Amino acid sequence: MFEPSTLEERRRYYRDEWNVNDLPDFIRKDLSKREFGFDHLGRGPNDRYRVFKTPDMLKRFMRYRSPFAAYCSVAFYNKPRKRGEWLKSELVFDVDAKDVPVRSCGCDSVCEICLDEARQIVAGLIDTLKQDLGLKNIHVIYSGRGYHIRILDETAMGLDSEGRSQVLKYVVGAEPPKNKYFMEDESGQKPYELEHFSIPLGYPAVFTKRIKYAILHLNGTEKMEEVNPKLMKDVLKYREMVQKDEWGLFKNKIGPIRYRNLVEGISKLNMGLVDAKVSIDLKRILRMPTSLHSKVSMRCMEVKNIETFDPLKKAVPKFVSERKGY
Amino acid sequence: MVLISYLNPFSSEGEDIVREKGSIEGIFEVNPELLQLVRDSKSQNISDDSYIPKNYADLALKRVEWYLRRKNDKKYNHNDYAFLINPKIAKFDVISIYTMAQAIGIKFNPKSREGRLLVESQGKLVEDRLEKLAPIERKEVVNNLLNQMITQDNIKWTSMSQLLGSKKINLTDMILDQGDVVLEKEDFLIRFEDKIEGRVPEKMYDLLIGEKIKEMIISRMIMQKTENYLQKVHEMAPKIEAHPTLLEIGEQISEKIKELSYFPGSGGSGGFGGDIKATQLQPDAFPPCIQKTIEGVGSGNRNDAIVLLLTSFLSYARLYPSVFRNEGTSKISDIDPDLQITINEIIPLIFEAADNCNPPLFDDDPQEKLNVIAKLGFGVNKDPELKHEGESKWYTPMSCDKIKIHLSSLCKPDATCKKIGNPLSYYNRKRWELRNSGDKTPSKSSESDSDKD
């Protein structure tokens, strides 16, 4: 598993297994408005600005070239060959299992545990995207080593980079919500202190979920400037309270200043839950669903149900199953 | 009840006022009605004639003066400008802001110091004016404004994309549900009452939303409308011949800004005492992200770190550290006319940092050498030459927010980072701190001569 594929294996994959009709509808529709890019040698996508007017043309290309990796743009253009006349872009969140900052497995690359944790993170992000932000037309793609959330909601596709960056910060919980609130007509009064965990709605509730996930999955080796080894040790010691949503008790055990430090530290880690550059880039190319992730020999594919999806059952190409020793 | 245009000059009521009274001809003429109204304003200081705007042009300049003094001058006295908070001024005020916007839009870029001042001051004025209204009237006005500006039942966060894009509003400051920005108490209770335990839901609404969020949205939307109008004027400007009066007012506004942008010891925009003039680089004042970049960056982040971050930071830190205070569009040759500093000091430092990368940046990607030159404003060329200057833009350093996203591995904030939003501001602040501590330590005071403003 997770070994690179040979040219011969790629050829077999694109000849025997791959079918252009398996491309998700959101790619097939307006195919000719997207830019395609390819990596033929495993050194990154340097064959760019390609356009396919029909699925058949793409099919011929893939069968003939059997690329190391295939990508298509999140952007739609009137002139995709020159990336000209940009129309709109999918809003994308890229959760790469190997880069998730809080992983209970602590492995160096990718394993079953961190792939599953990436899946849990994706499910959490989708909840927020739907419930808080009311976004629709959300697609999840297993990328081979993680997941892409691709949103084709028309209301969000025209957002600029800064708008996308704000959505990103909201859904991942990248900044602690304020904890001092003022009552109307009480100017000059002391503010009310409300911690995020005592506000069961809006961004504070999203933030609480993300912080909870992080605390429960810390393995103790994570580096946060605000969190020294003694604090980390105490967090691990008392995290059962967080599991039971006994936040007040947990904060008491940790202490208010150290709690604030912890929350600051985790909010910075949360920024690493997704690859921010992908989300704010309006002209990014992303791995094409149905194509092969040749570095790990996994199929990039659309996920119909993120709750039950198991990449090791669904995304393994035949040639891998037939490899010696698998 | 106050006029809507008192708060939103870009409302249809405001447009009507401009159509009715907005003749450019009388803009410098003494207006007795205005004089009387200013004198009658509650608490208005009338001990000196210079406090009193005499015509529309004067009123526009007073707005600039008010905003800058309020922001920077410790001796600022609200009573000098009490007329700005008099609702009866609405009709004059509308004409003055349109005059300002046209004068600035014709003469300057909407993102210029002048443009930004107009937008920010309008937002601040809306806040101040709302604050001075009686609570009941304030609520009524806010609801009227919202109803006028937002036509649908619920505001969708996506309809605020312009406000999000220009960072006037943070998504995390609003209460969102199913894509809606929740603003009304009844709506809040319907959506969230079941979720709230151990607290009174109504009180929770008052704390989390109340009128505050509505007012914030209103002031930001009006700022955005101001900016949009400015942009519209700027785009139209080349197609029409500008009225000399507007050009003159634009010039006066610019002069006023120069005059009032720095108040000694104010701690405001000029408060750090950062250098106006080019000075030697002071590496011990570099922020952590820059220090890490100079030490060398791994593949993945190298290109952005060297070409976008370090190139702009070093060039501005060396030549024009006060760029964010002074604004305006500058070229390197304005400060370094023969490009000797650029060629002999700045570029070698950038190239050295590129060599420290792992693997060295230019070995892998020689094209990036050209990009460094381009980011300094000399187009895509091998060396900086005066004849190519202006072919590209001299990029200012990216903000800390952008660094967190683009180059998160370099962002290891220290205590000073918490007080600033751009590496260049860090540099100015840190130098100021070092200089202050240097005053007590003779060995560190060698910089002080060249650092004087």
# chains A, B, ... in the order shown; residues from 1 in each chain; ligands from 1

$ interface_residues --of "chain A" --to "chain B" --cutoff "9 Å" --atoms "only C-alpha atoms" --output "ChimeraX atom specification"
/A:129-135,155-156,158-167,169-170,175,177-178,181-185,192,198-204,225,271-272,275-277,280

$ atom_distance --atom1 "CA of Ser437 in chain B" --atom2 "CA of Ala285 in chain B"
12.7 Å

$ select_by_dssp --residues "range 139-187 of chain B" --states "strand (DSSP E)" --output "list in words"
Ile155, Lys156, Leu176, Asp177, Asp180 and Val181 of chain B

$ closest_residue --among "B:Thr311, B:Asn228, B:Asn154, B:Gln282" --to "Pro397 in chain B" --atoms "only C-alpha atoms"
B:Thr311
